[in-house]
Every structure is written in C-alpha cells, then in structure tokens.
file structure-v9.cif (mmCIF, C-alpha atoms)
data_upload
loop_
_atom_site.label_atom_id
_atom_site.label_comp_id
_atom_site.auth_asym_id
_atom_site.auth_seq_id
_atom_site.Cartn_x
_atom_site.Cartn_y
_atom_site.Cartn_z
CA MET R 1 -25.13 -28.54 17.46
CA ARG R 2 -22.18 -29.51 15.28
CA HIS R 3 -23.51 -27.31 12.47
CA ARG R 4 -23.71 -24.26 14.72
CA GLN R 5 -20.23 -24.91 16.09
CA ALA R 6 -18.90 -25.15 12.55
CA ILE R 7 -20.63 -21.88 11.64
CA ALA R 8 -19.14 -20.16 14.71
CA LEU R 9 -15.62 -21.32 13.83
CA LEU R 10 -15.95 -20.33 10.18
CA ALA R 11 -17.46 -16.95 11.12
CA LEU R 12 -14.49 -16.30 13.42
CA LEU R 13 -12.10 -17.11 10.57
CA GLY R 14 -14.03 -14.85 8.19
CA LEU R 15 -14.14 -12.10 10.81
CA PHE R 16 -10.36 -11.89 10.93
CA VAL R 17 -10.03 -11.92 7.13
CA ALA R 18 -12.50 -9.03 6.92
CA LEU R 19 -10.84 -7.30 9.88
CA TYR R 20 -7.47 -7.35 8.13
CA LEU R 21 -8.98 -5.85 4.97
CA TRP R 22 -10.91 -3.26 6.97
CA LEU R 23 -7.87 -2.16 9.02
CA HIS R 24 -5.88 -1.91 5.80
CA ALA R 25 -8.65 0.22 4.26
CA LEU R 26 -8.43 2.49 7.32
CA GLY R 27 -4.72 2.99 6.66
CA TYR R 28 -3.19 0.63 9.21
CA GLY R 29 -0.17 -1.37 8.07
CA GLY R 30 1.55 -0.96 4.75
CA ALA R 31 0.75 -2.40 1.37
CA ILE R 32 -1.62 -5.32 1.52
CA LYS R 33 -0.06 -8.77 1.50
CA CYS R 34 -1.49 -10.22 -1.67
CA GLY R 35 1.20 -11.92 -3.71
CA ALA R 36 2.73 -10.50 -6.85
CA SER R 37 -0.52 -10.03 -8.79
CA GLY R 38 -1.42 -6.74 -7.08
CA GLY R 39 -5.09 -7.62 -7.44
CA CYS R 40 -5.91 -6.71 -3.85
CA GLU R 41 -4.49 -3.21 -4.29
CA THR R 42 -6.50 -2.75 -7.49
CA VAL R 43 -9.69 -3.93 -5.82
CA GLN R 44 -9.08 -2.02 -2.59
CA THR R 45 -8.35 1.25 -4.38
CA SER R 46 -11.22 0.95 -6.86
CA GLN R 47 -14.40 3.00 -6.53
CA TRP R 48 -16.27 -0.19 -5.62
CA ALA R 49 -14.19 -0.66 -2.47
CA VAL R 50 -16.59 1.74 -0.72
CA PHE R 51 -20.26 0.88 -0.30
CA LEU R 52 -22.70 3.43 1.13
CA GLY R 53 -19.82 5.53 2.41
CA LEU R 54 -18.04 2.71 4.24
CA PRO R 55 -15.24 0.35 3.17
CA VAL R 56 -16.72 -2.91 1.85
CA ALA R 57 -14.59 -4.82 4.35
CA PHE R 58 -16.51 -3.13 7.17
CA TYR R 59 -19.67 -4.95 6.04
CA GLY R 60 -17.66 -8.16 6.15
CA VAL R 61 -16.60 -7.46 9.73
CA ALA R 62 -20.18 -6.61 10.73
CA GLY R 63 -21.62 -9.64 8.91
CA TYR R 64 -19.18 -12.20 10.31
CA CYS R 65 -19.48 -10.66 13.77
CA THR R 66 -23.27 -11.03 13.62
CA LEU R 67 -22.99 -14.63 12.42
CA LEU R 68 -20.51 -15.44 15.19
CA VAL R 69 -22.68 -13.93 17.93
CA VAL R 70 -25.86 -15.58 16.64
CA ALA R 71 -24.11 -18.96 16.32
CA ILE R 72 -22.79 -18.72 19.91
CA VAL R 73 -26.20 -17.68 21.23
CA ALA R 74 -27.77 -20.56 19.27
CA LEU R 75 -25.41 -22.96 21.05
CA ARG R 76 -26.96 -22.30 24.44
CA PRO R 77 -28.60 -25.48 25.73
CA ALA R 78 -31.99 -23.79 25.72
CA ALA R 79 -31.58 -22.67 22.08
CA LEU R 80 -30.41 -26.02 20.70
CA ALA R 81 -33.96 -27.29 20.43
CA GLN R 82 -35.23 -24.11 18.76
CA ARG R 83 -35.37 -24.25 14.97
CA GLN R 84 -35.68 -20.45 14.58
CA TRP R 85 -31.95 -20.03 15.30
CA SER R 86 -31.13 -22.26 12.36
CA VAL R 87 -33.52 -20.22 10.24
CA LEU R 88 -31.84 -16.99 11.36
CA LEU R 89 -28.34 -18.35 10.65
CA ALA R 90 -29.39 -19.54 7.18
CA ALA R 91 -30.98 -16.15 6.46
CA LEU R 92 -27.86 -14.23 7.53
CA ALA R 93 -25.62 -16.54 5.52
CA THR R 94 -27.85 -16.06 2.47
CA VAL R 95 -27.51 -12.27 2.74
CA GLY R 96 -23.73 -12.72 3.06
CA VAL R 97 -23.51 -15.01 0.05
CA ALA R 98 -25.64 -12.66 -2.06
CA PHE R 99 -23.42 -9.68 -1.18
CA THR R 100 -20.29 -11.74 -1.85
CA ALA R 101 -21.68 -12.85 -5.21
CA TYR R 102 -22.19 -9.20 -6.15
CA LEU R 103 -18.63 -8.31 -5.09
CA THR R 104 -17.17 -11.28 -6.96
CA TYR R 105 -19.09 -10.21 -10.07
CA LEU R 106 -17.54 -6.73 -9.74
CA GLU R 107 -14.06 -8.21 -9.38
CA LEU R 108 -14.39 -10.50 -12.39
CA PHE R 109 -16.34 -8.36 -14.85
CA VAL R 110 -15.97 -4.72 -13.80
CA ILE R 111 -12.65 -4.24 -11.97
CA HIS R 112 -10.95 -7.15 -13.77
CA ALA R 113 -8.81 -7.96 -10.76
CA ILE R 114 -8.99 -10.68 -8.17
CA CYS R 115 -8.19 -10.11 -4.52
CA ARG R 116 -7.08 -13.32 -2.83
CA TRP R 117 -8.40 -12.20 0.53
CA CYS R 118 -11.81 -11.56 -1.07
CA VAL R 119 -11.72 -15.04 -2.63
CA GLY R 120 -10.89 -16.47 0.80
CA SER R 121 -13.81 -14.63 2.34
CA ALA R 122 -16.11 -15.79 -0.48
CA LEU R 123 -15.14 -19.40 0.18
CA ILE R 124 -15.77 -18.99 3.92
CA ILE R 125 -19.21 -17.40 3.56
CA THR R 126 -20.21 -19.98 0.93
CA THR R 127 -19.21 -22.80 3.26
CA ILE R 128 -21.14 -21.15 6.09
CA TRP R 129 -24.19 -20.91 3.82
CA VAL R 130 -23.96 -24.60 2.85
CA VAL R 131 -23.61 -25.64 6.50
CA ALA R 132 -26.46 -23.34 7.57
CA VAL R 133 -28.79 -24.68 4.86
CA LEU R 134 -27.91 -28.29 5.71
CA ALA R 135 -28.52 -27.52 9.39
CA LEU R 136 -31.91 -26.14 8.49
CA ILE R 137 -32.87 -29.11 6.29
CA PHE R 138 -31.70 -31.74 8.73
CA PHE R 139 -32.74 -29.90 11.87
CA ARG R 140 -33.49 -32.31 14.64
CA SER R 141 -34.43 -31.26 18.13
CA PRO R 142 -31.98 -32.94 20.51
CA GLU R 143 -33.35 -35.61 22.84
CA PRO R 144 -33.73 -34.34 26.41
CA ARG R 145 -30.83 -35.60 28.47
CA ILE R 146 -31.67 -37.88 31.32
CA GLY R 147 -28.83 -38.09 33.74
CA PRO R 148 -28.28 -40.86 36.29
CA ALA R 149 -29.62 -38.63 39.03
CA ALA R 150 -32.99 -38.48 37.28
CA TRP R 151 -33.68 -42.19 37.25
CA GLN R 152 -31.96 -42.91 40.51
CA ARG R 153 -34.07 -40.37 42.29
CA PRO R 154 -36.50 -42.12 44.59
CA PRO R 155 -40.12 -41.77 43.57
CA GLY R 156 -42.06 -39.18 45.41
CA PRO R 157 -43.45 -35.70 45.11
CA PRO R 158 -41.14 -33.12 43.52
CA VAL R 159 -39.14 -31.15 46.01
CA MET T 1 -19.18 -27.82 24.95
CA ASN T 2 -16.49 -26.25 27.10
CA ARG T 3 -13.85 -27.75 24.83
CA PHE T 4 -15.50 -26.04 21.87
CA TYR T 5 -15.26 -22.61 23.51
CA MET T 6 -11.63 -23.33 24.32
CA VAL T 7 -10.96 -24.07 20.63
CA LEU T 8 -12.83 -20.89 19.66
CA ALA T 9 -10.77 -18.79 22.08
CA VAL T 10 -7.46 -20.30 20.93
CA LEU T 11 -8.42 -19.74 17.29
CA ALA T 12 -9.33 -16.11 18.05
CA VAL T 13 -5.94 -15.52 19.67
CA VAL T 14 -4.04 -17.19 16.82
CA LEU T 15 -5.96 -15.24 14.17
CA GLY T 16 -5.52 -12.00 16.11
CA ILE T 17 -1.75 -12.51 16.22
CA ALA T 18 -1.76 -13.37 12.50
CA VAL T 19 -3.60 -10.16 11.60
CA LEU T 20 -1.29 -8.05 13.77
CA THR T 21 1.74 -9.67 12.15
CA LEU T 22 0.35 -9.02 8.68
CA LEU T 23 -0.31 -5.39 9.51
CA ARG T 24 3.17 -4.94 10.92
CA THR T 25 5.05 -6.65 8.12
CA GLY T 26 2.83 -5.72 5.21
CA GLY T 27 4.12 -3.07 2.89
CA THR T 28 7.12 -1.87 4.77
CA ALA T 29 9.64 -0.13 2.58
CA PRO T 30 11.66 -2.96 1.01
CA ALA T 31 15.11 -2.89 2.59
CA ALA T 32 16.73 -3.33 -0.82
CA ALA T 33 15.23 -0.02 -1.97
CA ALA T 34 15.30 1.87 1.32
CA GLY T 35 18.87 1.27 2.41
CA PRO T 36 22.33 1.66 0.91
CA PRO T 37 23.54 -1.32 -1.14
CA PRO T 38 26.49 -3.40 0.09
CA THR T 39 28.44 -2.73 -3.11
CA VAL T 40 28.37 0.09 -5.65
CA THR T 41 28.99 -0.13 -9.37
CA ASP T 42 28.73 2.49 -12.07
CA ASP T 43 25.99 1.62 -14.56
CA GLY T 44 26.91 4.62 -16.70
CA PHE T 45 23.71 6.47 -15.84
CA ARG T 46 24.20 10.18 -15.16
CA GLY T 47 20.69 11.27 -14.23
CA TYR T 48 17.47 12.12 -15.99
CA SER T 49 17.61 15.41 -17.78
CA LEU T 50 15.32 18.03 -19.24
CA GLY T 51 16.17 20.20 -22.21
CA GLN T 52 18.17 20.04 -25.37
CA GLY T 53 21.61 18.44 -25.54
CA LYS T 54 22.99 21.49 -27.34
CA ALA T 55 21.92 23.92 -24.62
CA PRO T 56 24.88 26.16 -23.67
CA VAL T 57 24.32 25.68 -19.94
CA GLU T 58 23.92 22.41 -18.17
CA ILE T 59 22.71 22.63 -14.60
CA THR T 60 23.17 19.55 -12.47
CA GLU T 61 21.00 19.49 -9.39
CA TYR T 62 21.78 17.15 -6.50
CA LEU T 63 18.50 16.63 -4.72
CA ASP T 64 16.95 14.76 -1.87
CA PHE T 65 13.29 13.88 -2.22
CA GLU T 66 12.58 14.27 1.48
CA CYS T 67 14.20 17.68 1.65
CA PRO T 68 11.55 20.42 1.99
CA VAL T 69 13.74 23.03 0.28
CA CYS T 70 14.10 20.74 -2.74
CA ALA T 71 10.32 20.36 -2.80
CA THR T 72 9.83 24.11 -2.63
CA PHE T 73 12.35 24.66 -5.38
CA ALA T 74 10.73 21.99 -7.54
CA THR T 75 7.21 23.25 -7.13
CA VAL T 76 7.80 27.02 -7.04
CA GLN T 77 10.88 27.70 -9.18
CA MET T 78 11.09 24.83 -11.62
CA PRO T 79 7.91 25.61 -13.57
CA THR T 80 9.31 29.06 -14.47
CA ILE T 81 12.79 27.68 -15.13
CA THR T 82 11.30 25.02 -17.38
CA GLN T 83 9.24 27.54 -19.28
CA GLN T 84 11.84 30.30 -19.62
CA LEU T 85 15.16 28.50 -19.74
CA ILE T 86 14.76 24.81 -20.51
CA ASN T 87 12.03 25.00 -23.14
CA THR T 88 13.81 27.89 -24.85
CA GLY T 89 16.96 25.81 -25.30
CA LYS T 90 19.15 27.90 -23.00
CA VAL T 91 19.51 25.36 -20.22
CA ARG T 92 19.62 21.63 -19.89
CA TRP T 93 18.73 20.40 -16.41
CA ARG T 94 20.10 17.17 -14.97
CA PHE T 95 18.82 15.55 -11.79
CA ARG T 96 21.17 13.57 -9.55
CA ASP T 97 20.27 11.85 -6.32
CA TYR T 98 21.87 12.88 -3.09
CA PRO T 99 19.84 11.21 -0.32
CA LEU T 100 20.84 12.70 2.99
CA PRO T 101 21.41 10.23 5.83
CA ILE T 102 19.19 12.28 8.17
CA HIS T 103 16.19 11.48 6.01
CA LYS T 104 14.65 8.08 6.59
CA TYR T 105 12.81 7.65 3.30
CA SER T 106 14.69 9.87 0.84
CA ARG T 107 16.64 6.95 -0.61
CA PHE T 108 13.40 5.00 -0.89
CA ALA T 109 11.75 7.95 -2.66
CA ALA T 110 14.72 8.26 -5.03
CA HIS T 111 14.34 4.57 -5.77
CA ALA T 112 10.62 4.98 -6.44
CA ALA T 113 11.46 7.75 -8.93
CA GLN T 114 14.08 5.55 -10.62
CA CYS T 115 11.64 2.64 -10.89
CA ALA T 116 9.12 4.99 -12.46
CA GLY T 117 11.90 6.28 -14.71
CA ALA T 118 12.50 2.73 -15.94
CA GLN T 119 9.01 2.99 -17.41
CA GLY T 120 9.61 6.46 -18.82
CA ARG T 121 7.77 8.19 -15.97
CA TYR T 122 10.59 9.72 -13.94
CA PHE T 123 9.41 13.30 -14.23
CA GLU T 124 5.79 12.41 -13.55
CA MET T 125 6.86 10.54 -10.42
CA GLN T 126 9.17 13.34 -9.34
CA ASP T 127 6.24 15.69 -9.74
CA GLN T 128 4.07 13.46 -7.54
CA LEU T 129 6.73 13.16 -4.85
CA PHE T 130 7.36 16.89 -4.63
CA THR T 131 3.80 18.12 -5.14
CA HIS T 132 2.39 15.83 -2.43
CA HIS T 133 5.30 16.39 -0.11
CA GLN T 134 3.25 15.90 3.06
CA TRP T 135 4.52 12.31 3.11
CA ALA T 136 7.92 13.64 4.18
CA GLN T 137 6.48 15.24 7.30
CA THR T 138 4.58 12.29 8.72
CA GLY T 139 7.50 9.95 9.36
CA LYS T 140 5.25 7.07 8.37
CA ASP T 141 6.25 4.34 5.95
CA PRO T 142 5.29 5.83 2.56
CA SER T 143 5.31 2.54 0.59
CA ASP T 144 1.58 2.55 0.02
CA LEU T 145 1.48 6.24 -0.79
CA PHE T 146 4.31 5.93 -3.29
CA ARG T 147 2.40 3.18 -5.07
CA THR T 148 -0.53 5.56 -5.33
CA PHE T 149 1.82 8.24 -6.69
CA ALA T 150 3.25 5.72 -9.15
CA GLN T 151 -0.23 4.81 -10.31
CA ALA T 152 -1.08 8.50 -10.74
CA ALA T 153 2.16 8.93 -12.69
CA GLY T 154 1.03 6.25 -15.12
CA VAL T 155 3.40 3.57 -13.88
CA ASP T 156 2.61 -0.13 -14.23
CA LEU T 157 2.44 -1.22 -10.59
CA LYS T 158 3.42 -4.82 -11.17
CA ALA T 159 6.75 -3.83 -12.69
CA TYR T 160 7.13 -1.04 -10.13
CA ASP T 161 6.66 -3.47 -7.23
CA ALA T 162 9.17 -5.90 -8.66
CA CYS T 163 11.67 -3.07 -9.18
CA MET T 164 11.22 -1.77 -5.63
CA GLU T 165 11.31 -5.20 -4.04
CA ALA T 166 14.56 -6.02 -5.85
CA GLY T 167 16.13 -2.64 -5.08
CA ARG T 168 17.12 -2.53 -8.74
CA TYR T 169 18.51 1.01 -8.66
CA ALA T 170 19.96 1.08 -5.16
CA GLN T 171 23.52 0.98 -6.53
CA ARG T 172 22.80 3.74 -9.04
CA ILE T 173 21.49 6.00 -6.27
CA GLU T 174 24.44 5.25 -4.03
CA PHE T 175 26.83 5.91 -6.92
CA SER T 176 25.18 9.29 -7.42
CA ARG T 177 25.47 10.07 -3.71
CA GLN T 178 29.17 9.12 -3.66
CA GLU T 179 29.70 11.23 -6.77
CA GLY T 180 28.11 14.12 -4.87
CA ASP T 181 30.49 13.53 -1.97
CA LYS T 182 33.47 13.74 -4.31
CA LEU T 183 32.10 17.01 -5.70
CA LEU T 184 31.74 18.34 -2.15
CA VAL T 185 27.99 18.48 -2.16
CA ASP T 186 27.18 19.54 1.37
CA GLY T 187 23.42 19.90 1.30
CA THR T 188 20.42 19.79 -0.96
CA PRO T 189 19.68 21.16 -3.37
CA THR T 190 23.20 21.78 -4.65
CA PHE T 191 23.66 23.05 -8.20
CA PHE T 192 26.49 22.85 -10.70
CA ALA T 193 26.62 24.88 -13.88
CA ASN T 194 28.67 23.15 -16.59
CA GLY T 195 30.46 21.27 -13.84
CA LYS T 196 31.18 24.27 -11.62
CA LYS T 197 29.59 24.33 -8.19
CA LEU T 198 27.25 27.25 -7.61
CA ASP T 199 27.37 28.89 -4.23
CA PHE T 200 24.15 30.73 -3.62
CA ARG T 201 23.64 32.45 -0.32
CA HIS T 202 19.92 31.87 -0.58
CA LEU T 203 17.60 29.42 -2.25
CA PRO T 204 18.05 30.39 -5.88
CA GLY T 205 15.11 31.38 -7.98
CA SER T 206 14.43 31.32 -11.68
CA ASP T 207 15.92 34.81 -12.02
CA ASP T 208 19.27 33.62 -10.64
CA PHE T 209 19.47 30.91 -13.26
CA LYS T 210 18.35 33.29 -15.97
CA VAL T 211 21.18 35.68 -15.07
CA LEU T 212 23.59 32.78 -14.96
CA ALA T 213 22.48 31.39 -18.32
CA ASP T 214 22.69 34.83 -19.95
CA SER T 215 26.14 35.33 -18.48
CA VAL T 216 27.43 31.97 -19.72
CA VAL T 217 26.00 32.57 -23.18
CA ALA T 218 27.51 36.09 -23.31
CA HIS T 219 30.97 34.87 -22.34
CA SER T 220 31.06 31.75 -24.47
CA PRO T 221 32.76 31.64 -27.87
CA PRO T 222 30.13 31.35 -30.63
CA HIS T 223 31.11 27.78 -31.59
CA GLU T 224 30.33 26.54 -28.09
CA HIS T 225 26.71 27.51 -28.58
CA GLN T 226 26.48 24.85 -31.22
CA ARG T 227 27.85 21.93 -29.18
CA HIS T 228 25.97 18.66 -29.19
#

call {"tool": "encode", "arguments": {"input": "structure-v9.cif", "output": "structure tokens"}}
result
Amino acid sequence: MRHRQAIALLALLGLFVALYLWLHALGYGGAIKCGASGGCETVQTSQWAVFLGLPVAFYGVAGYCTLLVVAIVALRPAALAQRQWSVLLAALATVGVAFTAYLTYLELFVIHAICRWCVGSALIITTIWVVAVLALIFFRSPEPRIGPAAWQRPPGPPV
Amino acid sequence: MNRFYMVLAVLAVVLGIAVLTLLRTGGTAPAAAAGPPPTVTDDGFRGYSLGQGKAPVEITEYLDFECPVCATFATVQMPTITQQLINTGKVRWRFRDYPLPIHKYSRFAAHAAQCAGAQGRYFEMQDQLFTHHQWAQTGKDPSDLFRTFAQAAGVDLKAYDACMEAGRYAQRIEFSRQEGDKLLVDGTPTFFANGKKLDFRHLPGSDDFKVLADSVVAHSPPHEHQRH
C-alpha cells in the first residue's frame, strides 16, 4: 500500500511539472522560469519539443495523469490484494522512463541544452519506476483484517 | 487511508497555486527595461545610423516601436530609401527612440533593440520588431516573442536576457526621449534633416526624402559635400 501511495504522490508532483511545461508550450504565461542558463527555452523551442504533432509536455501530463489514476484505483481495499495493479504501475513507469531516457538523450547529445524542469521530471519518473519495481518484487497480499466485531460475534448461522 | 487522500488533496492545491504563480510571474517584461529609469544620464550615444558619415544629408528619425505608422514607414518606405538614398551616399539615417507614453511596450521594444544593438544586431532586431508588428496589436506581454525575434536576429539570448533584466539601456532611451521633447517632437515618426525639423502634412515617402536630399545637395556649397 505504501508503494502505491508513494507512486500517487510522485505522479501528482510530476503532473504539475508537466502541466507547467505544457501550459507554457501552449502560450500561457511569459518566458519560462528556468534560471539564467536559458536551457529550457532552447529545449522548448527546438524541433524536438513536438512529438507526433503535440508538445512533448502533453505526453508528460497524460502519462502522470494515468499513473495517478491507476495508483489511486490500486489503493482501493479490493485492489490492494491484486498483484496485477502493481504490474500495470511498473509497466506504465517503464514506458515513462524509456520516453524520458530518449528525451534526456536528445537534450544532452542533440540539442546540447538542459532544461531544469525536464531534469526534475526525469528524477520523478525514475523514482516512480524504482518504487513500482520494488513494489512488484516485494508484493505481498495484505492479511485480511479481522475486526473485534468478527471474533466477538456469537457463533451461529450467518445472518 | 483518509489521511493519505487529505495529503494528496492538499498537495494538489499547493502545486496548483505554484503553477499559477509561475505562469503569472514568469517572463513578464522586466520593469527595469519596460519603465522609465529613476535617473537619466547621457552616455554619449546618439543613435544607430545607416549610411556614410560624409553624406550631405543626415536624417534623424524619432520613432516608437509600437507605433503602427512607424512600422509602415519602416517596412514600406525604408527599403526604397535605403536603396536609393542611403546606399548611394546621399543620406545618412539616424534612429532615435521616442517611446510614447500611450504605448505600453514601446519602451520595452526600444530596449530589446538596444540590447540587440549591443551585440551588433540593432538593425536586424529593428527589422524583426517592425516586420512582425502584430505584437503591438495584441496588448499581451511580448517578452517571449521578443526573445524569439532576438534569436532570429542572431542575438545571443543569454547576454540579451541579462541586458533586458538589468535594464541596461533604460537611461539611454529616456535620454533620447527627453532630447526629443526638447526638440519639440510631438509624435512618431518625426524627422529632422541636418537638425531641422521636417513638417510633412502626410506620412512621407521615399520620394519626399529624395526631393529633400536633392534640394540640400543643390543648395550646399561644394565643400560641404566633402564633410566627414
């Protein structure tokens, strides 16, 4: 449960980072807040800032949103015992990490500029991936809870 | 579990406020470049100029980058003037800033041009600002757009940003504006020919300046044609 909560919190954080970059790409706000290096502007205005006709940040918003929703759904009491949610979270995080690795490669070796917001997002998705993989490896179905009412109930046929 | 959702909700609100704040504060025109400076000093600069120093006629144009008439003049008339009068050595053209108070971003645009000029790209930036003059009609903060213009003009953005943030040429622009006030500039563009104010009853064209240049040359003593 703790793993899924951590993923939900990290996904929420990542969602807002991506949202800021996406809104900026759509023209909201002024120049991006990025320190004096100007790397964000270089990255955001490069030809690689658009992927399949949409700003790259949009995929970040969609990805983090999906992770957040799946993590919250996986926190339902009924889903806690189901390993497939952990598998799904690890799979989504792996896709996110792979895409981020590709974008980081572009920043370092093609665009030759580093966007701090992108680095922040890369750290978040990598942490999510580590947590998701650990959750998958150490998955343990929670013990069914037995409340006082259960053992205090007088024996007899179920009502 | 309920406590977790509470934390999630609080975090969402905090992050939402943070993003809104970033969008509101990010990239607004730096006050140092967009507004008048508290003090004004003369740095000796008298405007960027086109043409030869020995040209018999020097036209000084007081312009406002947000002024649509200045943009029209720059894009429609100046190419011909450049070709027929400036490049032929008849006229030297000097640009002075006269940001009108009714225009919100004209001082900021003048500053962007000066920061580009510091890198030897004044005319390229001026060209960008006048050619893509739609920015002056939107009323939106043009900071981002000007950076794009600067990049297109071949300006190093890191130095440009530092220049704009510091408002490095705010005093120079204000000095130019005050100089215009002393010379009774009452609108833009206003032209002076060898220091004498020109009163056109219409937006002058290249022909007006050609007539003027020919007239000055015809009435000047021969030795004045050779001045440096």

call {"tool": "atom_distance", "arguments": {"input": "structure-v9.cif", "atom1": "atom CA of R:Ile72", "atom2": "atom CA of R:Pro55"}}
result
26.5 Å

call {"tool": "resolve_selection", "arguments": {"input": "structure-v9.cif", "expression": "the PyMOL selection byres ((chain T) within 9 of (chain R))", "output": "VMD selection string"}}
result
chain T and resid 1 4 7 to 8 11 to 12 15 to 16 18 to 20 22 to 29 141 to 145 147 to 148 157 to 158 161 to 162

call {"tool": "atom_distance", "arguments": {"input": "structure-v9.cif", "atom1": "atom CA of T:Leu63", "atom2": "atom CA of T:Gly180"}}
result
9.9 Å

call {"tool": "closest_residue", "arguments": {"input": "structure-v9.cif", "among": "T:Ala150, T:Ala71, T:Leu85, T:Ala34", "to": "T:Val57", "atoms": "only C-alpha atoms"}}
result
T:Leu85

call {"tool": "atom_distance", "arguments": {"input": "structure-v9.cif", "atom1": "atom CA of T:Gln119", "atom2": "atom CA of T:Ser49"}}
result
15.1 Å

call {"tool": "residues_around", "arguments": {"input": "structure-v9.cif", "residues": "T:Ser176", "least_positions_apart": "4", "cutoff": "7 Å", "atoms": "only C-alpha atoms", "output": "CSV table (one decimal) with C-alpha atoms, in the coordinates of the input"}}
result
chain,number,residue,atom,x,y,z
T,96,ARG,CA,21.2,13.6,-9.6
T,97,ASP,CA,20.3,11.8,-6.3
T,98,TYR,CA,21.9,12.9,-3.1
T,172,ARG,CA,22.8,3.7,-9.0
T,180,GLY,CA,28.1,14.1,-4.9

call {"tool": "closest_residue", "arguments": {"input": "structure-v9.cif", "among": "R:Ala25, R:Ala74, R:Ala132, R:Leu52", "to": "R:Leu92", "atoms": "only C-alpha atoms"}}
result
R:Ala132

call {"tool": "residues_around", "arguments": {"input": "structure-v9.cif", "residues": "T:Val185", "least_positions_apart": "4", "cutoff": "12 Å", "atoms": "only C-alpha atoms", "output": "list in words"}}
result
Thr60, Glu61, Tyr62, Leu63, Asp64, Arg96, Asp97, Tyr98, Pro99, Leu100, Ser176, Arg177, Gln178, Glu179, Gly180, Asp181, Pro189, Thr190, Phe191, Phe192, Lys196, Lys197, Leu198 and Asp199 of chain T

call {"tool": "resolve_selection", "arguments": {"input": "structure-v9.cif", "expression": "the PyMOL selection byres ((chain T and resi 118) around 10)", "output": "MDAnalysis selection string"}}
result
chainID T and resid 112:117 119:122 155 159:160 163 169

call {"tool": "resolve_selection", "arguments": {"input": "structure-v9.cif", "expression": "the PyMOL selection byres ((chain T and resi 210) around 12)", "output": "list in words"}}
result
Val57, Ile59, Gln77, Met78, Thr80, Ile81, Thr82, Gln83, Gln84, Leu85, Ile86, Thr88, Lys90, Val91, Ala193, Pro204, Gly205, Ser206, Asp207, Asp208, Phe209, Val211, Leu212, Ala213, Asp214, Ser215, Val216 and Val217 of chain T

call {"tool": "residues_around", "arguments": {"input": "structure-v9.cif", "residues": "T:Phe130", "least_positions_apart": "3", "cutoff": "7 Å", "atoms": "all atoms listed in the file", "output": "PyMOL selection string"}}
result
chain T and resi 71+74-75+126-127+133

call {"tool": "residues_near_point", "arguments": {"input": "structure-v9.cif", "point": "(-19.3, -5.0, 9.1)", "cutoff": "12 Å", "atoms": "all atoms listed in the file", "output": "ChimeraX atom specification"}}
result
/R:14-19,21-23,51,54-67,96

call {"tool": "closest_residue", "arguments": {"input": "structure-v9.cif", "among": "R:Val119, R:Val95, R:Ala90, R:Ala11", "to": "R:Val43", "atoms": "only C-alpha atoms"}}
result
R:Val119

call {"tool": "closest_residue", "arguments": {"input": "structure-v9.cif", "among": "T:Gln128, T:Val14, T:Val69, T:Asn87", "to": "T:Ala55", "atoms": "all atoms listed in the file"}}
result
T:Asn87

call {"tool": "closest_residue", "arguments": {"input": "structure-v9.cif", "among": "T:Glu165, T:Glu58, T:Glu124, T:Glu174", "to": "T:Ala153", "atoms": "all atoms listed in the file"}}
result
T:Glu124

call {"tool": "residues_around", "arguments": {"input": "structure-v9.cif", "residues": "stretch 81-88 of chain R", "least_positions_apart": "5", "cutoff": "9 Å", "atoms": "all atoms listed in the file", "output": "MDAnalysis selection string"}}
result
chainID R and resid 4 70:71 73:74 93 132:133 135:136 139:143

call {"tool": "decode", "arguments": {"input": "structure-v9.cif", "residues": "stretch 127-141 of chain R", "atoms": "N, CA and C atoms", "output": "PDB file, in the first residue's frame"}}
result
ATOM      1  N   THR R 127      12.188   7.801 -10.025  1.00  0.00           N
ATOM      2  CA  THR R 127      11.839   7.378  -8.658  1.00  0.00           C
ATOM      3  C   THR R 127      10.560   6.529  -8.674  1.00  0.00           C
ATOM      4  N   ILE R 128       9.597   6.968  -9.473  1.00  0.00           N
ATOM      5  CA  ILE R 128       8.349   6.199  -9.581  1.00  0.00           C
ATOM      6  C   ILE R 128       8.657   4.780 -10.082  1.00  0.00           C
ATOM      7  N   TRP R 129       9.525   4.712 -11.082  1.00  0.00           N
ATOM      8  CA  TRP R 129       9.879   3.406 -11.661  1.00  0.00           C
ATOM      9  C   TRP R 129      10.540   2.504 -10.612  1.00  0.00           C
ATOM     10  N   VAL R 130      11.466   3.082  -9.837  1.00  0.00           N
ATOM     11  CA  VAL R 130      12.154   2.298  -8.792  1.00  0.00           C
ATOM     12  C   VAL R 130      11.134   1.793  -7.767  1.00  0.00           C
ATOM     13  N   VAL R 131      10.249   2.690  -7.337  1.00  0.00           N
ATOM     14  CA  VAL R 131       9.238   2.303  -6.341  1.00  0.00           C
ATOM     15  C   VAL R 131       8.305   1.233  -6.920  1.00  0.00           C
ATOM     16  N   ALA R 132       7.908   1.427  -8.187  1.00  0.00           N
ATOM     17  CA  ALA R 132       6.983   0.467  -8.816  1.00  0.00           C
ATOM     18  C   ALA R 132       7.627  -0.908  -8.964  1.00  0.00           C
ATOM     19  N   VAL R 133       8.901  -0.935  -9.319  1.00  0.00           N
ATOM     20  CA  VAL R 133       9.601  -2.225  -9.479  1.00  0.00           C
ATOM     21  C   VAL R 133       9.782  -2.906  -8.116  1.00  0.00           C
ATOM     22  N   LEU R 134      10.131  -2.113  -7.118  1.00  0.00           N
ATOM     23  CA  LEU R 134      10.272  -2.669  -5.760  1.00  0.00           C
ATOM     24  C   LEU R 134       8.932  -3.224  -5.273  1.00  0.00           C
ATOM     25  N   ALA R 135       7.864  -2.464  -5.578  1.00  0.00           N
ATOM     26  CA  ALA R 135       6.527  -2.910  -5.162  1.00  0.00           C
ATOM     27  C   ALA R 135       6.172  -4.239  -5.822  1.00  0.00           C
ATOM     28  N   LEU R 136       6.625  -4.371  -7.058  1.00  0.00           N
ATOM     29  CA  LEU R 136       6.332  -5.605  -7.792  1.00  0.00           C
ATOM     30  C   LEU R 136       7.136  -6.782  -7.222  1.00  0.00           C
ATOM     31  N   ILE R 137       8.410  -6.525  -6.937  1.00  0.00           N
ATOM     32  CA  ILE R 137       9.293  -7.589  -6.421  1.00  0.00           C
ATOM     33  C   ILE R 137       8.841  -8.041  -5.028  1.00  0.00           C
ATOM     34  N   PHE R 138       8.540  -7.055  -4.207  1.00  0.00           N
ATOM     35  CA  PHE R 138       8.194  -7.390  -2.812  1.00  0.00           C
ATOM     36  C   PHE R 138       6.679  -7.400  -2.586  1.00  0.00           C
ATOM     37  N   PHE R 139       5.944  -7.690  -3.638  1.00  0.00           N
ATOM     38  CA  PHE R 139       4.480  -7.672  -3.481  1.00  0.00           C
ATOM     39  C   PHE R 139       4.047  -8.726  -2.473  1.00  0.00           C
ATOM     40  N   ARG R 140       3.206  -8.290  -1.587  1.00  0.00           N
ATOM     41  CA  ARG R 140       2.695  -9.192  -0.557  1.00  0.00           C
ATOM     42  C   ARG R 140       1.211  -8.874  -0.377  1.00  0.00           C
ATOM     43  N   SER R 141       0.388  -9.868  -0.549  1.00  0.00           N
ATOM     44  CA  SER R 141      -1.033  -9.651  -0.382  1.00  0.00           C
ATOM     45  C   SER R 141      -1.315  -9.354   1.086  1.00  0.00           C
TER      46      SER R 141
END
